[in-house]
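Source file: start-v1.cif (mmCIF, C-alpha atoms)
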data_final
#
loop_
_atom_site.label_atom_id
_atom_site.label_comp_id
_atom_site.auth_asym_id
_atom_site.auth_seq_id
_atom_site.Cartn_x
_atom_site.Cartn_y
_atom_site.Cartn_z
CA MET A 1 200.07 180.90 153.53
CA ILE A 2 196.76 180.96 151.73
CA LEU A 3 197.19 184.43 150.21
CA GLU A 4 200.70 183.58 149.04
CA LEU A 5 199.30 180.66 147.02
CA PHE A 6 196.61 182.95 145.62
CA GLU A 7 199.08 185.65 144.57
CA ARG A 8 201.37 183.08 142.94
CA GLU A 9 198.59 181.54 140.88
CA ARG A 10 197.04 184.91 139.98
CA ALA A 11 200.41 186.20 138.77
CA ALA A 12 200.67 183.14 136.51
CA GLY A 13 197.12 183.61 135.24
CA ARG A 14 196.04 180.18 136.46
CA PRO A 15 192.55 179.38 137.81
CA LEU A 16 191.96 178.25 141.38
CA VAL A 17 189.09 176.90 143.44
CA ALA A 18 188.10 178.56 146.70
CA ALA A 19 186.34 176.26 149.17
CA ILE A 20 184.17 178.50 151.36
CA VAL A 21 182.08 177.50 154.37
CA VAL A 22 178.61 178.97 153.78
CA ALA A 23 176.59 177.31 156.56
CA THR A 24 177.14 175.13 159.63
CA THR A 25 175.06 173.31 162.21
CA GLY A 26 176.40 171.97 165.48
CA SER A 27 180.08 171.65 166.33
CA THR A 28 182.36 172.34 163.35
CA TYR A 29 186.04 173.18 162.98
CA ARG A 30 185.37 176.36 160.99
CA LYS A 31 182.39 178.70 160.66
CA PRO A 32 180.71 180.52 157.73
CA GLY A 33 183.09 182.76 155.82
CA ALA A 34 186.13 180.54 156.42
CA TRP A 35 187.90 179.46 153.26
CA MET A 36 190.77 177.49 151.81
CA LEU A 37 192.31 177.35 148.36
CA PHE A 38 193.09 174.68 145.77
CA ALA A 39 195.38 175.23 142.78
CA ALA A 40 195.19 173.32 139.51
CA SER A 41 198.59 171.80 140.34
CA GLY A 42 197.10 170.11 143.41
CA ASP A 43 198.70 172.58 145.84
CA ARG A 44 196.41 173.79 148.58
CA ALA A 45 196.46 176.21 151.50
CA GLY A 46 194.27 176.60 154.56
CA LEU A 47 192.07 174.18 156.50
CA LEU A 48 188.31 173.79 156.89
CA SER A 49 188.52 170.75 159.16
CA GLY A 50 191.13 168.92 161.14
CA GLY A 51 192.26 167.36 157.87
CA CYS A 52 189.19 165.13 157.47
CA LEU A 53 187.52 166.85 154.52
CA GLU A 54 190.39 168.35 152.57
CA GLY A 55 191.17 165.26 150.50
CA ASP A 56 187.59 164.98 149.23
CA LEU A 57 187.41 168.74 148.66
CA GLY A 58 190.62 168.58 146.65
CA GLU A 59 189.19 165.90 144.37
CA ARG A 60 186.01 167.89 143.88
CA ALA A 61 188.02 171.03 143.12
CA ALA A 62 190.07 169.18 140.48
CA ARG A 63 186.91 167.88 138.80
CA LEU A 64 185.33 171.34 138.84
CA LEU A 65 188.38 172.87 137.14
CA ALA A 66 188.59 170.07 134.57
CA ALA A 67 184.91 170.43 133.68
CA GLY A 68 185.08 174.22 133.45
CA ARG A 69 182.21 174.60 135.89
CA ARG A 70 181.77 177.74 137.96
CA LEU A 71 180.66 176.35 141.30
CA GLU A 72 179.52 173.37 143.31
CA LEU A 73 177.76 173.14 146.66
CA THR A 74 178.45 170.16 148.88
CA SER A 75 177.63 169.17 152.46
CA TYR A 76 179.49 167.12 155.05
CA ASP A 77 177.29 165.77 157.85
CA SER A 78 178.92 164.02 160.80
CA ARG A 79 175.95 164.19 163.19
CA SER A 80 174.75 160.61 162.67
CA SER A 81 176.25 158.77 165.65
CA ASP A 82 179.57 156.95 165.18
CA ASP A 83 179.07 155.57 161.70
CA PRO A 84 182.14 156.29 159.53
CA VAL A 85 181.77 159.09 157.00
CA TRP A 86 183.80 158.47 153.83
CA GLY A 87 185.61 155.81 155.86
CA LEU A 88 187.00 158.42 158.24
CA GLY A 89 184.74 157.99 161.27
CA LEU A 90 184.62 161.73 161.94
CA GLY A 91 182.22 161.85 164.89
CA CYS A 92 182.42 165.67 164.98
CA GLU A 93 178.66 166.11 165.57
CA GLY A 94 178.26 168.89 163.04
CA LEU A 95 177.25 169.74 159.49
CA MET A 96 179.17 171.95 157.10
CA ARG A 97 177.88 173.26 153.78
CA ILE A 98 180.76 174.27 151.53
CA LEU A 99 180.82 176.23 148.30
CA LEU A 100 183.49 175.34 145.76
CA LEU A 101 183.93 178.44 143.58
CA ARG A 102 186.13 178.76 140.51
CA VAL A 103 188.28 181.88 140.75
CA ASP A 104 190.04 183.03 137.58
CA ALA A 105 191.00 185.95 135.37
CA ALA A 106 187.55 186.05 133.77
CA SER A 107 186.01 186.90 137.15
CA GLY A 108 188.82 189.26 138.14
CA TYR A 109 189.85 186.61 140.69
CA GLN A 110 186.99 187.75 142.92
CA PRO A 111 186.25 187.54 145.77
CA LEU A 112 189.82 186.52 146.59
CA ALA A 113 191.30 189.67 145.08
CA GLU A 114 189.11 191.73 147.42
CA LEU A 115 190.03 189.58 150.42
CA ALA A 116 193.71 190.07 149.60
CA ARG A 117 193.17 193.82 149.32
CA LEU A 118 191.32 194.04 152.64
CA GLU A 119 194.02 192.00 154.36
CA ALA A 120 196.74 194.23 152.95
CA VAL A 121 195.13 197.45 154.19
CA GLY A 122 193.67 195.93 157.36
CA GLU A 123 190.15 197.14 156.72
CA ALA A 124 186.71 195.56 157.05
CA GLY A 125 184.55 194.74 154.05
CA ALA A 126 181.86 192.49 152.65
CA TRP A 127 181.22 190.35 149.61
CA SER A 128 178.40 188.17 148.32
CA VAL A 129 177.96 185.43 145.75
CA ALA A 130 174.90 184.02 144.03
CA LEU A 131 174.49 180.33 144.86
CA GLU A 132 171.32 179.77 142.85
CA VAL A 133 169.44 182.01 140.41
CA GLU A 134 165.89 181.42 139.19
CA ARG A 135 165.16 183.16 135.90
CA PRO A 136 162.38 185.76 136.14
CA ALA A 137 159.00 185.13 134.64
CA ALA A 138 158.29 186.59 131.18
CA GLY A 139 157.98 190.37 131.42
CA ALA A 140 159.47 190.58 134.89
CA GLY A 141 162.09 193.28 135.13
CA ALA A 142 161.29 194.54 131.65
CA GLY A 143 163.17 197.64 130.62
CA ARG A 144 166.07 197.01 133.03
CA ALA A 145 169.52 197.38 131.60
CA ALA A 146 171.16 195.08 134.16
CA ALA A 147 172.68 191.91 132.74
CA PRO A 148 171.01 188.68 133.84
CA HIS A 149 172.50 187.19 136.98
CA ALA A 150 174.04 183.73 137.12
CA ALA A 151 175.10 181.37 139.87
CA GLY A 152 178.65 182.18 140.85
CA GLU A 153 178.36 185.94 140.25
CA VAL A 154 180.26 187.86 142.92
CA TRP A 155 179.57 191.33 144.32
CA LEU A 156 181.98 193.25 146.53
CA ASP A 157 179.29 194.30 148.98
CA ASP A 158 176.61 192.65 151.08
CA ARG A 159 173.69 193.49 148.75
CA GLY A 160 172.04 195.02 151.83
CA GLN A 161 171.66 191.60 153.46
CA ALA A 162 172.75 190.10 156.77
CA PRO A 163 175.63 187.61 156.73
CA GLY A 164 174.81 184.02 155.79
CA ILE A 165 172.56 182.40 153.21
CA THR A 166 169.44 184.29 152.22
CA GLN A 167 166.99 184.52 149.34
CA VAL A 168 166.51 187.88 147.67
CA LEU A 169 165.07 189.36 144.50
CA LEU A 170 167.78 190.90 142.32
CA ASP A 171 166.67 192.54 139.08
CA GLY A 172 163.61 190.35 138.99
CA CYS A 173 165.56 187.14 139.66
CA ALA A 174 164.94 185.06 142.77
CA THR A 175 168.51 184.59 144.00
CA VAL A 176 169.93 182.47 146.80
CA LEU A 177 172.78 184.56 148.11
CA PHE A 178 175.68 183.92 150.46
CA VAL A 179 176.89 187.06 152.22
CA ALA A 180 180.21 187.25 154.06
CA ARG A 181 181.47 190.09 156.22
CA VAL A 182 185.22 190.48 156.54
CA PRO A 183 186.28 191.90 159.91
CA ARG A 184 189.02 194.47 160.20
CA ALA A 185 192.39 192.97 161.08
CA PRO A 186 193.36 193.65 164.72
CA ARG A 187 195.97 196.39 165.04
CA VAL A 188 198.54 195.72 167.73
CA LEU A 189 201.32 198.06 168.87
CA VAL A 190 204.46 196.57 170.44
CA CYS A 191 206.61 198.99 172.43
CA GLY A 192 210.04 197.40 172.53
CA ALA A 193 212.02 195.46 169.97
CA GLY A 194 214.20 193.14 171.99
CA PRO A 195 214.83 189.51 171.00
CA ASP A 196 211.80 188.31 172.99
CA VAL A 197 209.54 190.43 170.79
CA GLU A 198 210.39 188.42 167.66
CA PRO A 199 208.18 185.37 168.47
CA VAL A 200 205.38 187.67 169.65
CA VAL A 201 205.34 189.41 166.27
CA ALA A 202 205.66 186.17 164.30
CA TRP A 203 202.78 184.45 166.09
CA GLY A 204 200.61 187.53 166.18
CA ALA A 205 201.01 187.96 162.42
CA ALA A 206 200.09 184.29 161.93
CA LEU A 207 196.79 185.12 163.66
CA GLY A 208 196.15 187.93 161.20
CA TRP A 209 197.19 190.86 163.39
CA HIS A 210 198.69 193.99 161.84
CA LEU A 211 201.65 194.76 164.08
CA THR A 212 203.62 197.97 164.56
CA VAL A 213 206.91 197.74 166.48
CA VAL A 214 208.61 200.78 168.06
CA ASP A 215 211.82 201.17 170.03
CA HIS A 216 214.21 204.00 170.90
CA ARG A 217 217.38 201.89 170.55
CA PRO A 218 219.02 201.89 167.09
CA ALA A 219 220.52 198.44 167.57
CA TYR A 220 217.05 196.92 167.97
CA VAL A 221 215.19 198.82 165.27
CA ASP A 222 215.90 196.50 162.36
CA ALA A 223 212.93 195.69 160.13
CA ALA A 224 214.70 192.53 158.91
CA ARG A 225 214.19 191.03 162.39
CA PHE A 226 210.43 191.54 162.10
CA PRO A 227 209.48 190.55 158.54
CA ALA A 228 205.85 189.97 159.56
CA ALA A 229 205.42 193.43 161.12
CA ARG A 230 203.57 196.05 159.10
CA ALA A 231 205.84 198.83 160.38
CA VAL A 232 208.98 199.16 162.51
CA HIS A 233 209.81 202.62 163.85
CA ARG A 234 212.70 204.11 165.77
CA LEU A 235 211.08 206.56 168.19
CA ALA A 236 212.04 208.16 171.44
CA ALA A 237 209.61 206.73 173.96
CA ASP A 238 208.28 210.16 174.92
CA GLU A 239 207.44 210.86 171.24
CA LEU A 240 205.04 207.92 170.92
CA ALA A 241 201.79 209.88 171.16
CA HIS A 242 203.03 212.54 168.73
CA ALA A 243 204.38 210.12 166.13
CA LEU A 244 201.55 207.60 165.99
CA ASP A 245 197.76 207.74 166.07
CA LEU A 246 197.31 205.58 169.14
CA GLY A 247 193.53 205.61 168.80
CA ARG A 248 193.72 203.24 165.84
CA PHE A 249 195.21 200.35 167.86
CA ASP A 250 193.15 197.58 169.44
CA ALA A 251 195.91 196.46 171.79
CA ALA A 252 199.35 197.54 172.92
CA LEU A 253 202.20 195.60 174.52
CA VAL A 254 204.86 197.35 176.56
CA MET A 255 207.94 195.16 176.75
CA SER A 256 211.10 197.20 176.26
CA HIS A 257 212.78 196.02 179.52
CA HIS A 258 213.71 199.68 180.03
CA LEU A 259 212.03 201.28 183.01
CA VAL A 260 212.14 204.91 181.85
CA ALA A 261 210.97 204.03 178.34
CA ASP A 262 208.16 201.84 179.65
CA GLY A 263 207.03 204.73 181.83
CA HIS A 264 206.79 207.01 178.81
CA TYR A 265 204.94 204.34 176.83
CA LEU A 266 202.42 203.79 179.63
CA ALA A 267 201.88 207.53 180.12
CA ALA A 268 201.05 207.92 176.43
CA LEU A 269 198.76 204.87 176.42
CA ALA A 270 196.98 206.07 179.56
CA ASN A 271 195.70 209.04 177.56
CA ALA A 272 194.79 207.01 174.45
CA PRO A 273 191.66 204.89 173.89
CA VAL A 274 193.53 201.59 173.46
CA PRO A 275 191.21 199.01 175.06
CA TYR A 276 193.94 196.52 176.03
CA VAL A 277 197.43 197.29 177.33
CA GLY A 278 199.83 194.56 178.39
CA LEU A 279 202.97 195.20 180.46
CA LEU A 280 205.83 192.73 180.79
CA GLY A 281 207.38 192.30 184.21
CA PRO A 282 206.44 191.52 187.82
CA ALA A 283 203.76 193.23 189.90
CA ALA A 284 206.31 195.26 191.86
CA ARG A 285 207.59 196.81 188.62
CA ARG A 286 204.00 197.61 187.60
CA GLU A 287 203.38 199.47 190.86
CA ARG A 288 206.62 201.42 190.49
CA LEU A 289 205.58 202.46 186.99
CA TYR A 290 202.15 203.52 188.26
CA ALA A 291 203.94 205.83 190.70
CA GLU A 292 206.21 207.13 187.93
CA ILE A 293 203.36 208.14 185.61
CA GLY A 294 201.31 209.82 188.31
CA ALA A 295 197.97 209.17 189.94
CA ALA A 296 195.79 210.55 187.15
CA SER A 297 197.45 208.47 184.42
CA ALA A 298 197.52 205.40 186.64
CA THR A 299 193.79 205.74 187.30
CA ALA A 300 193.04 206.05 183.59
CA LEU A 301 195.23 203.07 182.72
CA ARG A 302 194.48 200.65 185.53
CA PRO A 303 191.17 199.19 184.18
CA ARG A 304 192.82 198.36 180.83
CA LEU A 305 196.25 197.21 181.96
CA ARG A 306 197.14 193.52 182.16
CA ALA A 307 200.33 193.26 184.18
CA PRO A 308 202.10 190.94 184.34
CA VAL A 309 200.92 190.32 180.78
CA GLY A 310 200.07 186.81 179.60
CA LEU A 311 198.13 183.71 180.55
CA ASP A 312 199.52 181.22 183.05
CA LEU A 313 200.55 178.50 180.59
CA GLY A 314 203.83 177.45 182.17
CA GLY A 315 207.30 177.62 180.67
CA ARG A 316 210.16 180.07 181.02
CA THR A 317 211.62 180.26 177.53
CA PRO A 318 211.11 183.33 175.32
CA GLU A 319 208.86 181.24 173.09
CA ALA A 320 206.70 180.08 176.02
CA ILE A 321 206.41 183.64 177.33
CA ALA A 322 205.50 184.91 173.85
CA LEU A 323 202.85 182.20 173.56
CA SER A 324 201.28 183.24 176.87
CA ILE A 325 201.26 186.90 175.78
CA VAL A 326 199.79 186.23 172.36
CA ALA A 327 197.17 183.92 173.88
CA GLU A 328 195.97 186.59 176.30
CA VAL A 329 195.81 189.27 173.62
CA GLN A 330 193.90 186.91 171.30
CA ALA A 331 191.39 186.21 174.07
CA ALA A 332 191.00 189.91 174.87
CA LEU A 333 190.49 190.83 171.21
CA HIS A 334 187.59 188.37 171.09
CA GLY A 335 186.09 189.27 174.46
CA ARG A 336 187.16 186.03 176.13
CA GLU A 337 188.95 185.28 179.38
CA GLY A 338 191.12 182.47 178.05
CA ALA A 339 189.39 179.74 180.08
CA PRO A 340 189.62 176.13 178.84
CA PHE A 341 186.67 174.84 176.83
CA SER A 342 186.31 172.00 179.33
CA SER A 343 185.35 174.56 182.00
CA HIS A 344 182.12 175.31 180.10
CA LEU A 345 180.39 172.39 181.81
CA GLY A 346 176.64 172.65 181.54
CA ARG A 347 176.92 175.72 179.30
CA PRO A 348 176.87 176.00 175.51
CA ASN A 349 180.30 175.82 173.94
CA PRO A 350 180.93 179.27 172.36
CA GLU A 351 182.52 177.54 169.37
CA ASP A 352 179.37 175.56 168.57
CA GLY A 353 176.96 176.96 166.00
#

Once you've parsed the file, please lay out its structure as structure tokens.
Amino acid sequence: MILELFERERAAGRPLVAAIVVATTGSTYRKPGAWMLFAASGDRAGLLSGGCLEGDLGERAARLLAAGRRLELTSYDSRSSDDPVWGLGLGCEGLMRILLLRVDAASGYQPLAELARLEAVGEAGAWSVALEVERPAAGAGAGRAAAPHAAGEVWLDDRGQAPGITQVLLDGCATVLFVARVPRAPRVLVCGAGPDVEPVVAWGAALGWHLTVVDHRPAYVDAARFPAARAVHRLAADELAHALDLGRFDAALVMSHHLVADGHYLAALANAPVPYVGLLGPAARRERLYAEIGAASATALRPRLRAPVGLDLGGRTPEAIALSIVAEVQAALHGREGAPFSSHLGRPNPEDG
């Protein structure tokens, strides 16, 4: 993973290069704020394209480190018909502007240290970096104690600016700034810890979710089975609302395969502001559980409950079922219905800039 490479190199005191998308036009694989990492050893983590640009970016990163430079801005434009770009024939119909930024001990490994911190705590944040700095005219900013700014300087806030590239005046210096906002990691609660939960947790964590797993059965509550989960709790199902702050979760999955426990989980979630609740099992089981939790709870839960949970992707294996569940939750977290991109005929593709 990208943060694992960062932590390894930071622990060794070695410099890295972060390749950060700062602007796009048209259809591109990644959007502004996306990043990948290059180590001095040649190791890399992350992707900014389908593999088309990474080789060239790696060479640029190596040259930047060797020269001791702080940053480089480069653009990749594949909008010009079918002519090959760098011999690759991309044909992606988009432009990406990418910042290559040296990250080392002298800079406190920022902004990557802040990104790692935000990921660890699952909170939102912002950071900004100076791309270009024009020195102020003589006398401008006189009497200010602030040190002069330089291209590559990083701040752990948005400088009061909207995300993207903008030009601002900082301490009398005309500065071209890139501002990135870091969204809060989705928080997902999984009620049940059976074997079929393991791929759900693994794939959800790979998408950046912070997952909490609960179960009332001692044999299932083993944190070693869920290394990617942020927390694994043994709880009686009817203690869920008392033991956890359910209002902090963005989604919940009820998949214990235990009817009484699932009823308790649903009753607690009916009275909590969790915007998405998924229930494993057939429609008949859903209706029985509605009857078990009572009319008032069923009414409160019904608009938010997806049951049977998951998208219709086909497949009967635990892995296929987990994929369908994770896919539906991912779509719900982003306000999508999980429709194929090819169904957007005559409408703008939501992934295009």

Apply the PyMOL selection byres ((chain A and resi 25-33) around 12) to the displayed file and report the matching residues as an NGL selection string. :A and (18-24 or 34-36 or 46-53 or 75-80 or 90-99 or 111 or 115 or 126-129 or 163-165 or 178-183 or 348-353)

With distances taken over all atoms listed in the file, the candidate from A:Arg14, A:Arg44, A:Arg159, A:Arg63 nearest A:Val176 is A:Arg159

Output the residue selection produced by the PyMOL selection byres ((chain A and resi 9) around 12) on the file above, formatted as JSON, numbers by chain. {"A": [2, 3, 4, 5, 6, 7, 8, 10, 11, 12, 13, 14, 15, 16, 17, 37, 38, 39, 40, 41, 42, 43, 44, 103, 104, 105, 109, 112, 113]}

Report the distance between atom CA of A:Leu170 and atom CA of A:Ala150 in Å, rounded to one decimal place. 10.8 Å

Long-range neighbours of A:Ser297 as a ChimeraX atom specification, 10 Å cut-off, all atoms listed in the file, 2 positions minimum in chain: /A:266-271,290-295,299-302

I need the residue set behind the PyMOL selection byres ((chain A and resi 320-336) around 10) for this file; please write it as number ranges by chain. A: 186-188, 196-204, 207, 209, 250-253, 275-280, 306, 308-319, 337-339, 350

Take the residues from that selection and write them out as a short mmCIF file (atom, residue, chain, number, x, y, z; two decimals), in the frame of the given file, keeping C-alpha atoms.
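Written file, part.cif:
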data_model
loop_
_atom_site.label_atom_id
_atom_site.label_comp_id
_atom_site.auth_asym_id
_atom_site.auth_seq_id
_atom_site.Cartn_x
_atom_site.Cartn_y
_atom_site.Cartn_z
CA PRO A 186 193.36 193.65 164.72
CA ARG A 187 195.97 196.39 165.04
CA VAL A 188 198.54 195.72 167.73
CA ASP A 196 211.80 188.31 172.99
CA VAL A 197 209.54 190.43 170.79
CA GLU A 198 210.39 188.42 167.66
CA PRO A 199 208.18 185.37 168.47
CA VAL A 200 205.38 187.67 169.65
CA VAL A 201 205.34 189.41 166.27
CA ALA A 202 205.66 186.17 164.30
CA TRP A 203 202.78 184.45 166.09
CA GLY A 204 200.61 187.53 166.18
CA LEU A 207 196.79 185.12 163.66
CA TRP A 209 197.19 190.86 163.39
CA ASP A 250 193.15 197.58 169.44
CA ALA A 251 195.91 196.46 171.79
CA ALA A 252 199.35 197.54 172.92
CA LEU A 253 202.20 195.60 174.52
CA PRO A 275 191.21 199.01 175.06
CA TYR A 276 193.94 196.52 176.03
CA VAL A 277 197.43 197.29 177.33
CA GLY A 278 199.83 194.56 178.39
CA LEU A 279 202.97 195.20 180.46
CA LEU A 280 205.83 192.73 180.79
CA ARG A 306 197.14 193.52 182.16
CA PRO A 308 202.10 190.94 184.34
CA VAL A 309 200.92 190.32 180.78
CA GLY A 310 200.07 186.81 179.60
CA LEU A 311 198.13 183.71 180.55
CA ASP A 312 199.52 181.22 183.05
CA LEU A 313 200.55 178.50 180.59
CA GLY A 314 203.83 177.45 182.17
CA GLY A 315 207.30 177.62 180.67
CA ARG A 316 210.16 180.07 181.02
CA THR A 317 211.62 180.26 177.53
CA PRO A 318 211.11 183.33 175.32
CA GLU A 319 208.86 181.24 173.09
CA GLU A 337 188.95 185.28 179.38
CA GLY A 338 191.12 182.47 178.05
CA ALA A 339 189.39 179.74 180.08
CA PRO A 350 180.93 179.27 172.36
#

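The space separating atom CA of A:Thr166 from atom CA of A:Leu131 comes to 9.8 Å.
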
Counting only C-alpha atoms, the residue among A:Leu100, A:Ala307, A:Ala45, A:Met1 that lies closest to A:Leu57 is A:Leu100

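One finds atom CA of A:Glu119 at 24.0 Å from atom CA of A:Ala243.
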
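Among A:Val274, A:Ala130, A:Val214, A:Ala223, the residue with the shortest atom-to-atom distance to A:Phe249, counting only C-alpha atoms, is A:Val274.
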
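Residues in contact with A:Ala193 at 10 Å, where all atoms listed in the file are counted and same-chain residues fewer than 4 positions away are skipped, are listed as Val197, Glu198, Val201, Val213, Val214, Asp215, His216, Arg217, Pro218, Ala219, Tyr220, Val221, Asp222, Ala223, Arg225, Phe226, Val232, His233, Arg234, Val254, Met255, Ser256 and His257 of chain A.
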
From the options A:Val121, A:Leu64, A:Leu235, A:Val133, which residue's atoms come nearest to A:Leu177, counting only C-alpha atoms? A:Val133

Write stretch 51-67 of chain A as a compact mmCIF listing (two decimals), in the coordinates of the input, completed to N, CA and C atoms.
# COMPACT_ATOMS: atom_id res chain seq x y z
N GLY A 51 191.61 168.19 158.89
CA GLY A 51 192.26 167.36 157.87
C GLY A 51 191.35 166.28 157.33
N CYS A 52 190.11 166.20 157.84
CA CYS A 52 189.19 165.13 157.47
C CYS A 52 188.57 165.33 156.09
N LEU A 53 188.30 166.57 155.72
CA LEU A 53 187.52 166.85 154.52
C LEU A 53 188.38 167.28 153.33
N GLU A 54 189.60 167.68 153.60
CA GLU A 54 190.39 168.35 152.57
C GLU A 54 190.69 167.46 151.37
N GLY A 55 190.90 166.16 151.61
CA GLY A 55 191.17 165.26 150.50
C GLY A 55 189.99 165.19 149.54
N ASP A 56 188.79 165.03 150.08
CA ASP A 56 187.59 164.98 149.23
C ASP A 56 187.37 166.32 148.54
N LEU A 57 187.57 167.41 149.27
CA LEU A 57 187.41 168.74 148.66
C LEU A 57 188.40 168.94 147.52
N GLY A 58 189.63 168.46 147.70
CA GLY A 58 190.62 168.58 146.65
C GLY A 58 190.22 167.85 145.38
N GLU A 59 189.65 166.65 145.54
CA GLU A 59 189.19 165.90 144.37
C GLU A 59 188.03 166.61 143.67
N ARG A 60 187.13 167.14 144.46
CA ARG A 60 186.01 167.89 143.88
C ARG A 60 186.50 169.14 143.15
N ALA A 61 187.48 169.83 143.74
CA ALA A 61 188.02 171.03 143.12
C ALA A 61 188.68 170.69 141.79
N ALA A 62 189.42 169.58 141.73
CA ALA A 62 190.07 169.18 140.48
C ALA A 62 189.03 168.88 139.40
N ARG A 63 187.95 168.20 139.78
CA ARG A 63 186.91 167.88 138.80
C ARG A 63 186.21 169.16 138.31
N LEU A 64 185.99 170.09 139.22
CA LEU A 64 185.33 171.34 138.84
C LEU A 64 186.19 172.11 137.83
N LEU A 65 187.50 172.18 138.08
CA LEU A 65 188.38 172.87 137.14
C LEU A 65 188.43 172.16 135.79
N ALA A 66 188.50 170.83 135.82
CA ALA A 66 188.59 170.07 134.57
C ALA A 66 187.33 170.23 133.73
N ALA A 67 186.18 170.33 134.40
CA ALA A 67 184.91 170.43 133.68
C ALA A 67 184.59 171.86 133.27
